[in-house]
$ cat run13.txt   # compact mmCIF, C-alpha atoms and all ligand atoms
# COMPACT_ATOMS: atom_id res chain seq x y z
CA MET Y 1 -212.70 -177.64 -105.00
CA SER Y 2 -210.84 -177.94 -108.31
CA LYS Y 3 -207.08 -178.51 -108.24
CA ILE Y 4 -206.51 -175.15 -109.98
CA GLN Y 5 -208.50 -173.42 -107.25
CA GLU Y 6 -206.40 -175.25 -104.64
CA VAL Y 7 -203.20 -174.09 -106.38
CA LYS Y 8 -204.52 -170.52 -106.32
CA GLU Y 9 -205.38 -170.66 -102.62
CA LYS Y 10 -202.14 -172.33 -101.54
CA VAL Y 11 -200.03 -169.82 -103.49
CA GLU Y 12 -201.89 -166.97 -101.81
CA ILE Y 13 -201.01 -168.29 -98.37
CA GLY Y 14 -197.49 -169.28 -99.36
CA LYS Y 15 -197.65 -173.07 -98.99
CA THR Y 16 -194.32 -173.57 -100.77
CA LYS Y 17 -194.09 -177.30 -100.07
CA LEU Y 18 -197.63 -178.09 -101.23
CA VAL Y 19 -197.78 -176.01 -104.41
CA PRO Y 20 -195.53 -178.11 -106.72
CA GLY Y 21 -197.51 -181.28 -105.98
CA LEU Y 22 -200.84 -179.51 -106.50
CA VAL Y 23 -199.63 -178.03 -109.80
CA GLN Y 24 -198.65 -181.52 -110.95
CA GLU Y 25 -202.06 -182.88 -109.86
CA ALA Y 26 -203.82 -180.09 -111.77
CA LEU Y 27 -201.81 -181.03 -114.87
CA ASP Y 28 -202.61 -184.71 -114.35
CA GLU Y 29 -206.30 -183.80 -114.18
CA GLY Y 30 -206.01 -182.21 -117.62
CA SER Y 31 -205.66 -178.52 -116.80
CA SER Y 32 -203.39 -176.62 -119.19
CA ALA Y 33 -200.09 -175.10 -118.06
CA ALA Y 34 -201.34 -171.70 -119.26
CA ASP Y 35 -204.49 -171.91 -117.09
CA ILE Y 36 -202.52 -172.99 -114.02
CA LEU Y 37 -200.05 -170.15 -114.58
CA GLN Y 38 -202.91 -167.66 -114.91
CA ALA Y 39 -204.36 -168.91 -111.60
CA MET Y 40 -201.02 -168.26 -109.89
CA VAL Y 41 -200.73 -164.80 -111.48
CA ASP Y 42 -204.25 -164.09 -110.16
CA SER Y 43 -203.09 -165.22 -106.69
CA MET Y 44 -200.33 -162.63 -106.77
CA GLY Y 45 -202.94 -160.02 -107.66
CA VAL Y 46 -204.89 -160.97 -104.55
CA VAL Y 47 -201.71 -160.91 -102.48
CA GLY Y 48 -200.94 -157.40 -103.82
CA GLU Y 49 -204.43 -156.18 -102.89
CA LYS Y 50 -204.14 -157.65 -99.38
CA PHE Y 51 -200.76 -155.92 -99.01
CA SER Y 52 -202.21 -152.59 -100.18
CA SER Y 53 -205.06 -152.86 -97.68
CA GLY Y 54 -202.71 -153.68 -94.80
CA GLU Y 55 -204.11 -157.19 -94.35
CA ILE Y 56 -200.70 -158.79 -94.97
CA PHE Y 57 -197.12 -157.53 -94.91
CA VAL Y 58 -193.84 -158.02 -96.82
CA PRO Y 59 -193.00 -161.48 -95.32
CA GLU Y 60 -196.37 -162.86 -96.48
CA MET Y 61 -195.82 -161.37 -99.96
CA LEU Y 62 -192.41 -163.00 -100.03
CA ILE Y 63 -193.60 -166.50 -99.12
CA ALA Y 64 -196.43 -166.25 -101.65
CA ALA Y 65 -193.83 -165.31 -104.30
CA LYS Y 66 -191.69 -168.31 -103.27
CA ALA Y 67 -194.68 -170.62 -103.53
CA MET Y 68 -195.48 -169.30 -107.01
CA ALA Y 69 -191.85 -169.74 -108.11
CA LYS Y 70 -192.00 -173.41 -107.03
CA GLY Y 71 -195.19 -173.86 -109.03
CA VAL Y 72 -193.65 -172.22 -112.09
CA ASP Y 73 -190.71 -174.67 -111.84
CA VAL Y 74 -193.15 -177.52 -112.46
CA LEU Y 75 -194.65 -175.73 -115.48
CA ARG Y 76 -191.33 -174.57 -116.95
CA PRO Y 77 -190.74 -177.51 -119.33
CA LEU Y 78 -194.29 -177.17 -120.66
CA LEU Y 79 -194.20 -173.39 -121.10
CA ALA Y 80 -190.69 -173.07 -122.49
CA GLY Y 81 -191.37 -175.35 -125.47
CA ASP Y 82 -188.73 -176.17 -128.04
CA THR Y 83 -185.83 -173.72 -128.07
CA SER Y 84 -183.76 -173.24 -131.20
CA ASN Y 85 -181.73 -170.22 -129.93
CA SER Y 86 -181.32 -168.86 -133.46
CA LEU Y 87 -182.25 -165.24 -132.75
CA GLY Y 88 -179.12 -164.42 -130.77
CA THR Y 89 -178.56 -163.71 -127.09
CA CYS Y 90 -180.96 -161.75 -124.90
CA ILE Y 91 -179.68 -160.14 -121.69
CA ILE Y 92 -182.47 -159.83 -119.13
CA GLY Y 93 -182.71 -158.29 -115.68
CA THR Y 94 -184.82 -156.35 -113.20
CA VAL Y 95 -183.54 -152.79 -112.89
CA ALA Y 96 -181.60 -151.24 -109.99
CA GLY Y 97 -183.45 -150.96 -106.70
CA ASP Y 98 -186.10 -153.49 -107.72
CA LEU Y 99 -186.22 -157.03 -106.29
CA HIS Y 100 -189.29 -158.38 -108.11
CA ASP Y 101 -188.38 -161.31 -110.33
CA ILE Y 102 -191.41 -163.54 -110.95
CA GLY Y 103 -192.59 -161.55 -113.97
CA LYS Y 104 -189.03 -161.18 -115.25
CA ASN Y 105 -188.52 -164.95 -114.97
CA LEU Y 106 -191.72 -165.64 -116.94
CA VAL Y 107 -190.68 -163.13 -119.60
CA SER Y 108 -187.26 -164.82 -119.76
CA MET Y 109 -188.84 -168.24 -120.22
CA MET Y 110 -191.12 -167.02 -123.01
CA ILE Y 111 -188.39 -165.06 -124.86
CA GLU Y 112 -186.21 -168.17 -124.67
CA SER Y 113 -189.01 -170.19 -126.22
CA ALA Y 114 -189.13 -167.65 -129.07
CA GLY Y 115 -185.57 -168.66 -130.01
CA PHE Y 116 -183.11 -166.60 -127.93
CA THR Y 117 -180.25 -167.74 -125.68
CA MET Y 118 -180.94 -166.08 -122.32
CA VAL Y 119 -178.42 -164.47 -119.96
CA ASP Y 120 -180.26 -163.57 -116.76
CA LEU Y 121 -178.57 -160.88 -114.62
CA GLY Y 122 -181.14 -161.30 -111.83
CA VAL Y 123 -182.61 -158.43 -109.86
CA ASP Y 124 -181.34 -154.98 -108.75
CA VAL Y 125 -179.20 -154.68 -111.88
CA PRO Y 126 -177.33 -151.36 -112.27
CA ALA Y 127 -177.53 -149.75 -115.72
CA GLU Y 128 -173.80 -150.27 -116.40
CA ARG Y 129 -174.12 -154.00 -115.68
CA PHE Y 130 -176.42 -154.37 -118.69
CA VAL Y 131 -173.74 -152.74 -120.88
CA GLU Y 132 -170.98 -154.96 -119.43
CA ALA Y 133 -173.09 -158.04 -120.11
CA ILE Y 134 -173.65 -157.02 -123.74
CA LYS Y 135 -169.87 -156.76 -124.16
CA GLU Y 136 -169.14 -160.02 -122.29
CA ASN Y 137 -171.53 -162.20 -124.29
CA GLU Y 138 -171.55 -163.21 -127.94
CA ASN Y 139 -174.15 -162.15 -130.47
CA VAL Y 140 -176.32 -160.08 -128.12
CA THR Y 141 -179.28 -158.83 -130.15
CA LEU Y 142 -181.70 -157.86 -127.39
CA VAL Y 143 -181.77 -156.50 -123.83
CA ALA Y 144 -184.92 -156.93 -121.75
CA CYS Y 145 -185.39 -154.70 -118.69
CA SER Y 146 -188.13 -155.30 -116.15
CA GLY Y 147 -189.38 -152.87 -113.49
CA LEU Y 148 -192.26 -153.39 -111.07
CA LEU Y 149 -192.18 -150.33 -108.87
CA THR Y 150 -193.17 -146.78 -109.71
CA THR Y 151 -190.10 -145.77 -107.69
CA THR Y 152 -187.79 -147.74 -110.02
CA MET Y 153 -189.16 -146.25 -113.25
CA PRO Y 154 -186.24 -143.77 -113.27
CA ALA Y 155 -183.86 -146.75 -113.03
CA LEU Y 156 -185.55 -148.24 -116.07
CA LYS Y 157 -184.97 -144.98 -117.91
CA GLU Y 158 -181.33 -144.94 -116.81
CA ALA Y 159 -180.84 -148.52 -118.00
CA VAL Y 160 -182.27 -147.80 -121.45
CA GLN Y 161 -180.37 -144.55 -121.83
CA THR Y 162 -177.06 -146.06 -120.64
CA ILE Y 163 -177.42 -148.93 -123.11
CA LYS Y 164 -178.28 -146.53 -125.94
CA ALA Y 165 -175.40 -144.18 -125.01
CA SER Y 166 -172.95 -147.11 -125.22
CA GLY Y 167 -173.49 -147.16 -128.98
CA LEU Y 168 -173.76 -150.96 -128.95
CA ASP Y 169 -176.02 -152.36 -131.65
CA VAL Y 170 -178.80 -153.98 -129.59
CA LYS Y 171 -182.53 -153.49 -129.26
CA VAL Y 172 -184.04 -152.80 -125.84
CA ILE Y 173 -187.45 -154.03 -124.70
CA VAL Y 174 -189.00 -152.89 -121.41
CA GLY Y 175 -192.01 -153.92 -119.35
CA GLY Y 176 -193.49 -154.44 -115.91
CA ALA Y 177 -196.79 -153.53 -114.29
CA PRO Y 178 -196.32 -149.72 -114.05
CA VAL Y 179 -194.72 -149.38 -117.50
CA THR Y 180 -196.87 -148.03 -120.33
CA PRO Y 181 -196.14 -147.98 -124.06
CA GLU Y 182 -195.94 -144.19 -123.82
CA TYR Y 183 -193.34 -144.32 -121.04
CA ALA Y 184 -191.34 -146.93 -122.98
CA ALA Y 185 -191.28 -144.64 -126.02
CA GLU Y 186 -190.45 -141.59 -123.91
CA ILE Y 187 -187.35 -143.23 -122.39
CA GLY Y 188 -186.13 -144.41 -125.79
CA ALA Y 189 -186.86 -148.14 -125.58
CA ASP Y 190 -187.24 -149.93 -128.92
CA GLY Y 191 -190.13 -152.05 -127.68
CA PHE Y 192 -192.65 -152.62 -124.91
CA ALA Y 193 -194.79 -155.59 -123.94
CA PRO Y 194 -197.50 -155.82 -121.28
CA ASP Y 195 -196.99 -159.52 -120.46
CA ALA Y 196 -194.68 -162.47 -120.96
CA GLY Y 197 -196.46 -163.94 -123.97
CA SER Y 198 -196.48 -160.68 -125.90
CA ALA Y 199 -192.86 -160.00 -124.86
CA ALA Y 200 -191.84 -163.14 -126.78
CA VAL Y 201 -193.78 -162.07 -129.87
CA LYS Y 202 -192.39 -158.53 -129.70
CA ALA Y 203 -188.82 -159.75 -129.08
CA LYS Y 204 -188.93 -161.83 -132.25
CA GLU Y 205 -190.31 -158.92 -134.30
CA MET Y 206 -187.65 -156.56 -132.93
CA VAL Y 207 -184.66 -158.56 -134.16
CA ALA Y 208 -186.21 -159.74 -137.43
CO1 LIG G 1 -193.84 -155.98 -104.08
N1 LIG G 1 -194.95 -154.55 -104.75
N2 LIG G 1 -192.85 -154.72 -102.99
N3 LIG G 1 -192.95 -157.55 -103.38
N4 LIG G 1 -195.18 -157.01 -104.92
C1 LIG G 1 -195.94 -154.88 -105.78
C2 LIG G 1 -195.33 -154.72 -107.17
C3 LIG G 1 -197.11 -153.85 -105.46
C4 LIG G 1 -197.97 -153.50 -106.68
C5 LIG G 1 -197.95 -154.39 -104.27
C6 LIG G 1 -199.05 -153.43 -103.86
O1 LIG G 1 -198.80 -152.46 -103.18
N5 LIG G 1 -200.27 -153.68 -104.28
C7 LIG G 1 -196.26 -152.63 -104.91
C8 LIG G 1 -195.77 -151.63 -105.97
C9 LIG G 1 -196.54 -150.33 -105.96
C10 LIG G 1 -195.97 -149.43 -107.00
O2 LIG G 1 -194.82 -149.09 -107.00
N6 LIG G 1 -196.83 -149.04 -107.93
C11 LIG G 1 -195.12 -153.33 -104.22
C12 LIG G 1 -194.33 -152.78 -103.18
C13 LIG G 1 -194.78 -151.41 -102.69
C14 LIG G 1 -193.21 -153.43 -102.64
C15 LIG G 1 -192.27 -152.91 -101.55
C16 LIG G 1 -191.85 -151.43 -101.68
C17 LIG G 1 -192.94 -153.20 -100.19
C18 LIG G 1 -192.21 -152.67 -98.99
O3 LIG G 1 -191.10 -153.04 -98.73
N7 LIG G 1 -192.85 -151.78 -98.27
C19 LIG G 1 -191.05 -153.85 -101.69
C20 LIG G 1 -190.00 -153.32 -102.67
C21 LIG G 1 -188.76 -154.19 -102.70
C22 LIG G 1 -187.88 -153.82 -103.86
O4 LIG G 1 -188.09 -154.30 -104.96
N8 LIG G 1 -186.89 -152.97 -103.62
C23 LIG G 1 -191.72 -155.06 -102.28
C24 LIG G 1 -191.24 -156.35 -102.07
C25 LIG G 1 -191.83 -157.49 -102.57
C26 LIG G 1 -191.36 -158.90 -102.23
C27 LIG G 1 -189.82 -159.03 -102.23
C28 LIG G 1 -191.88 -159.27 -100.85
C29 LIG G 1 -192.11 -159.76 -103.30
C30 LIG G 1 -191.28 -160.06 -104.58
C31 LIG G 1 -190.59 -161.41 -104.54
C32 LIG G 1 -190.07 -161.79 -105.91
O5 LIG G 1 -190.39 -161.25 -106.95
N9 LIG G 1 -189.20 -162.77 -105.86
C33 LIG G 1 -193.23 -158.82 -103.72
C34 LIG G 1 -194.41 -159.25 -104.43
C35 LIG G 1 -194.58 -160.74 -104.54
C36 LIG G 1 -195.32 -158.35 -104.99
C37 LIG G 1 -196.66 -158.66 -105.70
C38 LIG G 1 -197.66 -159.10 -104.62
C39 LIG G 1 -196.60 -159.69 -106.79
C40 LIG G 1 -195.58 -159.41 -107.88
C41 LIG G 1 -195.62 -160.55 -108.86
O6 LIG G 1 -194.76 -161.41 -108.82
N10 LIG G 1 -196.68 -160.60 -109.69
C42 LIG G 1 -197.01 -157.25 -106.34
C43 LIG G 1 -198.51 -157.02 -106.47
C44 LIG G 1 -199.03 -157.34 -107.86
O7 LIG G 1 -198.31 -157.61 -108.79
N11 LIG G 1 -200.31 -157.21 -108.02
C45 LIG G 1 -196.13 -156.34 -105.59
C46 LIG G 1 -196.89 -161.72 -110.63
C47 LIG G 1 -196.08 -161.50 -111.91
C48 LIG G 1 -196.33 -162.63 -112.87
O8 LIG G 1 -196.55 -160.30 -112.49
O9 LIG G 1 -194.39 -159.09 -111.99
O10 LIG G 1 -196.40 -157.85 -112.95
P1 LIG G 1 -195.59 -159.10 -112.86
O11 LIG G 1 -195.06 -159.45 -114.34
C49 LIG G 1 -195.90 -159.48 -115.47
C50 LIG G 1 -195.98 -158.13 -116.20
O12 LIG G 1 -195.74 -157.01 -115.37
C51 LIG G 1 -195.04 -158.28 -117.34
O13 LIG G 1 -195.09 -159.66 -117.65
C52 LIG G 1 -195.19 -160.41 -116.44
C53 LIG G 1 -195.89 -161.73 -116.71
O14 LIG G 1 -196.99 -161.62 -117.56
N12 LIG G 1 -193.62 -157.93 -117.22
C54 LIG G 1 -192.91 -157.63 -118.35
C55 LIG G 1 -192.79 -157.91 -116.16
N13 LIG G 1 -191.56 -157.60 -116.56
C56 LIG G 1 -191.59 -157.43 -117.89
C57 LIG G 1 -190.59 -157.13 -118.81
C58 LIG G 1 -190.94 -157.03 -120.16
C59 LIG G 1 -192.25 -157.20 -120.59
C60 LIG G 1 -193.26 -157.51 -119.69
O15 LIG G 1 -190.04 -156.74 -121.12
C61 LIG G 1 -188.67 -156.74 -120.77
$ encode --input "run13.txt" --output "structure tokens"
Amino acid sequence: MSKIQEVKEKVEIGKTKLVPGLVQEALDEGSSAADILQAMVDSMGVVGEKFSSGEIFVPEMLIAAKAMAKGVDVLRPLLAGDTSNSLGTCIIGTVAGDLHDIGKNLVSMMIESAGFTMVDLGVDVPAERFVEAIKENENVTLVACSGLLTTTMPALKEAVQTIKASGLDVKVIVGGAPVTPEYAAEIGADGFAPDAGSAAVKAKEMVA
């Protein structure tokens, strides 16, 4: 079995202690960071399907997420690249009621690599907290809001609309599995991206 395949399998079953070493071995064997990351994203897809079919439950999803996060830590220096931080500050967070942060963390890493200074508010971030953070930090040019649940789509809308109503001069980008470009436009976001790589490209365009 290839090391990448082993990474994929061990993430799926939440082997938190084994995953970092296997990721390093996959890198040492010549696999690219992007391919290893994709394998782990695929694992989470499998985990999601098993959850939907009732084969596993929330604790198993949680340990798989922890295992992936440990693997991403090993890849971070390779994925983040050289950061010049010349495009201003980006406030990022997962919206209120939503605890999913793996995608948000990847998006944060990629936007940072595009040249932003990141301020990460974490998960379950109330709309007003985004506004406070814009005021508390210098040179905020972008706010990035992530939402993974269909039930937290209204919170995404509230975040965008609260930021816009504040009158502060920032652009807002949104994303997350259930978010579509149409929904992003409908709630008044300035930008949408389907994944972390395109979020970085879009973020750069938005503040240019
Ligand atoms: Co949750 N969960 N979860 N979960 N979970 C999903 C999302 C789900 C699809 C699983 C399923 O049923 N198949 C489902 C949502 C269904 C829906 O609403 N449509 C679900 C559910 C139902 C739940 C609970 C309600 C379960 C329960 O309690 N009964 C509960 C809710 C808790 C809450 O948030 N209030 C819950 C809890 C959890 C855990 C805490 C156990 C854990 C999260 C741990 C963590 O994040 N630290 C968890 C996990 C791990 C998942 C799955 C399995 C994996 C999520 C993930 O990390 N994916 C997920 C199933 C799946 O995704 N297939 C699932 C990998 C990650 C790289 O992808 O996050 O999509 P993703 O991010 C991508 C893009 O979406 C995009 O770029 C990222 C990278 O390319 N993106 C952006 C994300 N944010 C962006 C922002 C942008 C742009 C792009 O601009 C700002």
$ residues_near_ligand --input "run13.txt" --ligand "ligand LIG 1 (chain G)" --cutoff "6 Å" --atoms "all atoms listed in the file" --output "PyMOL selection string"
chain Y and resi 41+44-45+47-49+51-52+58+61-62+65+97-104+106-107+144-146+148-151+173-177+193-196+199
$ atom_distance --input "run13.txt" --atom1 "atom CA of Ser86 of chain Y" --atom2 "atom CA of Arg129 of chain Y"
24.3 Å
$ residues_around --input "run13.txt" --residues "Thr117 of chain Y" --least-positions-apart "3" --cutoff "12 Å" --atoms "all atoms listed in the file" --output "ChimeraX atom specification"
/Y:83-92,108-114,120,137-143
$ write_last_selection --input "run13.txt" --atoms "C-alpha atoms" --output "short mmCIF file (atom, residue, chain, number, x, y, z; two decimals), in the coordinates of the input"
data_model
loop_
_atom_site.label_atom_id
_atom_site.label_comp_id
_atom_site.auth_asym_id
_atom_site.auth_seq_id
_atom_site.Cartn_x
_atom_site.Cartn_y
_atom_site.Cartn_z
CA THR Y 83 -185.83 -173.72 -128.07
CA SER Y 84 -183.76 -173.24 -131.20
CA ASN Y 85 -181.73 -170.22 -129.93
CA SER Y 86 -181.32 -168.86 -133.46
CA LEU Y 87 -182.25 -165.24 -132.75
CA GLY Y 88 -179.12 -164.42 -130.77
CA THR Y 89 -178.56 -163.71 -127.09
CA CYS Y 90 -180.96 -161.75 -124.90
CA ILE Y 91 -179.68 -160.14 -121.69
CA ILE Y 92 -182.47 -159.83 -119.13
CA SER Y 108 -187.26 -164.82 -119.76
CA MET Y 109 -188.84 -168.24 -120.22
CA MET Y 110 -191.12 -167.02 -123.01
CA ILE Y 111 -188.39 -165.06 -124.86
CA GLU Y 112 -186.21 -168.17 -124.67
CA SER Y 113 -189.01 -170.19 -126.22
CA ALA Y 114 -189.13 -167.65 -129.07
CA ASP Y 120 -180.26 -163.57 -116.76
CA ASN Y 137 -171.53 -162.20 -124.29
CA GLU Y 138 -171.55 -163.21 -127.94
CA ASN Y 139 -174.15 -162.15 -130.47
CA VAL Y 140 -176.32 -160.08 -128.12
CA THR Y 141 -179.28 -158.83 -130.15
CA LEU Y 142 -181.70 -157.86 -127.39
CA VAL Y 143 -181.77 -156.50 -123.83
#
$ closest_residue --input "run13.txt" --among "Y:Pro154, Y:Gly93, Y:Gly115, Y:Pro178" --to "Ala80 of chain Y" --atoms "all atoms listed in the file"
Y:Gly115
$ axis_aligned_box --input "run13.txt" --around "segment 177-193 of chain Y" --padding-each-side "3 Å" --output "lines of an AutoDock Vina configuration file"
center_x = -191.5
center_y = -148.6
center_z = -121.5
size_x = 16.7
size_y = 20.0
size_z = 20.9
$ atom_distance --input "run13.txt" --atom1 "atom CA of Ile134 of chain Y" --atom2 "atom CA of Gly188 of chain Y"
17.9 Å
$ residues_around --input "run13.txt" --residues "Ile4 of chain Y" --least-positions-apart "2" --cutoff "10 Å" --atoms "all atoms listed in the file" --output "PyMOL selection string"
chain Y and resi 1-2+6-10+22-23+25-27+29+31-32+35-40
$ atom_distance --input "run13.txt" --atom1 "atom CA of Gly21 of chain Y" --atom2 "atom CA of Pro59 of chain Y"
22.9 Å
$ closest_residue --input "run13.txt" --among "Y:Glu158, Y:Asp124, Y:Glu132, Y:Asp190" --to "Lys171 of chain Y" --atoms "all atoms listed in the file"
Y:Asp190
$ closest_residue --input "run13.txt" --among "Y:Lys157, Y:Ile13, Y:Glu128, Y:Gln24" --to "Val74 of chain Y" --atoms "only C-alpha atoms"
Y:Gln24
$ decode --input "run13.txt" --residues "segment 114-123 of chain Y" --atoms "all heavy atoms" --output "short mmCIF file (atom, residue, chain, number, x, y, z; two decimals), in the first residue's frame"
data_model
loop_
_atom_site.label_atom_id
_atom_site.label_comp_id
_atom_site.auth_asym_id
_atom_site.auth_seq_id
_atom_site.Cartn_x
_atom_site.Cartn_y
_atom_site.Cartn_z
N ALA Y 114 -1.34 34.13 -0.09
CA ALA Y 114 -1.56 35.09 -1.18
C ALA Y 114 -1.07 36.48 -0.79
O ALA Y 114 -0.99 37.37 -1.64
CB ALA Y 114 -3.05 35.15 -1.53
N GLY Y 115 -0.73 36.69 0.50
CA GLY Y 115 -0.16 37.97 0.89
C GLY Y 115 -0.95 38.75 1.93
O GLY Y 115 -0.76 39.96 2.08
N PHE Y 116 -1.82 38.09 2.68
CA PHE Y 116 -2.59 38.77 3.73
C PHE Y 116 -2.03 38.41 5.11
O PHE Y 116 -1.49 37.31 5.29
CB PHE Y 116 -4.06 38.33 3.70
CG PHE Y 116 -4.85 38.83 2.51
CD1 PHE Y 116 -4.77 38.18 1.29
CD2 PHE Y 116 -5.65 39.96 2.61
CE1 PHE Y 116 -5.49 38.63 0.18
CE2 PHE Y 116 -6.38 40.41 1.52
CZ PHE Y 116 -6.30 39.74 0.30
N THR Y 117 -2.22 39.30 6.08
CA THR Y 117 -1.99 38.97 7.49
C THR Y 117 -3.32 38.43 8.01
O THR Y 117 -4.35 39.08 7.85
CB THR Y 117 -1.64 40.25 8.29
OG1 THR Y 117 -0.45 40.80 7.73
CG2 THR Y 117 -1.44 39.95 9.76
N MET Y 118 -3.31 37.24 8.61
CA MET Y 118 -4.57 36.61 9.01
C MET Y 118 -4.87 36.85 10.49
O MET Y 118 -4.00 36.74 11.34
CB MET Y 118 -4.52 35.10 8.75
CG MET Y 118 -4.27 34.71 7.31
SD MET Y 118 -5.42 35.43 6.11
CE MET Y 118 -6.98 34.67 6.56
N VAL Y 119 -6.15 37.14 10.77
CA VAL Y 119 -6.65 37.16 12.15
C VAL Y 119 -7.79 36.15 12.18
O VAL Y 119 -8.82 36.34 11.55
CB VAL Y 119 -7.15 38.56 12.55
CG1 VAL Y 119 -7.80 38.53 13.92
CG2 VAL Y 119 -6.01 39.57 12.50
N ASP Y 120 -7.55 35.03 12.89
CA ASP Y 120 -8.51 33.92 12.87
C ASP Y 120 -9.38 33.98 14.14
O ASP Y 120 -8.87 33.82 15.25
CB ASP Y 120 -7.75 32.59 12.80
CG ASP Y 120 -8.67 31.41 12.54
OD1 ASP Y 120 -9.89 31.53 12.78
OD2 ASP Y 120 -8.16 30.37 12.09
N LEU Y 121 -10.68 34.19 13.95
CA LEU Y 121 -11.60 34.29 15.09
C LEU Y 121 -12.10 32.91 15.54
O LEU Y 121 -12.89 32.82 16.48
CB LEU Y 121 -12.78 35.19 14.74
CG LEU Y 121 -12.44 36.62 14.29
CD1 LEU Y 121 -13.72 37.39 13.94
CD2 LEU Y 121 -11.66 37.37 15.37
N GLY Y 122 -11.71 31.87 14.83
CA GLY Y 122 -12.11 30.52 15.23
C GLY Y 122 -13.48 30.13 14.68
O GLY Y 122 -13.84 30.53 13.57
N VAL Y 123 -14.19 29.34 15.49
CA VAL Y 123 -15.50 28.84 15.05
C VAL Y 123 -16.61 29.49 15.86
O VAL Y 123 -16.34 30.18 16.85
CB VAL Y 123 -15.58 27.30 15.21
CG1 VAL Y 123 -14.58 26.61 14.30
CG2 VAL Y 123 -15.38 26.87 16.66
#
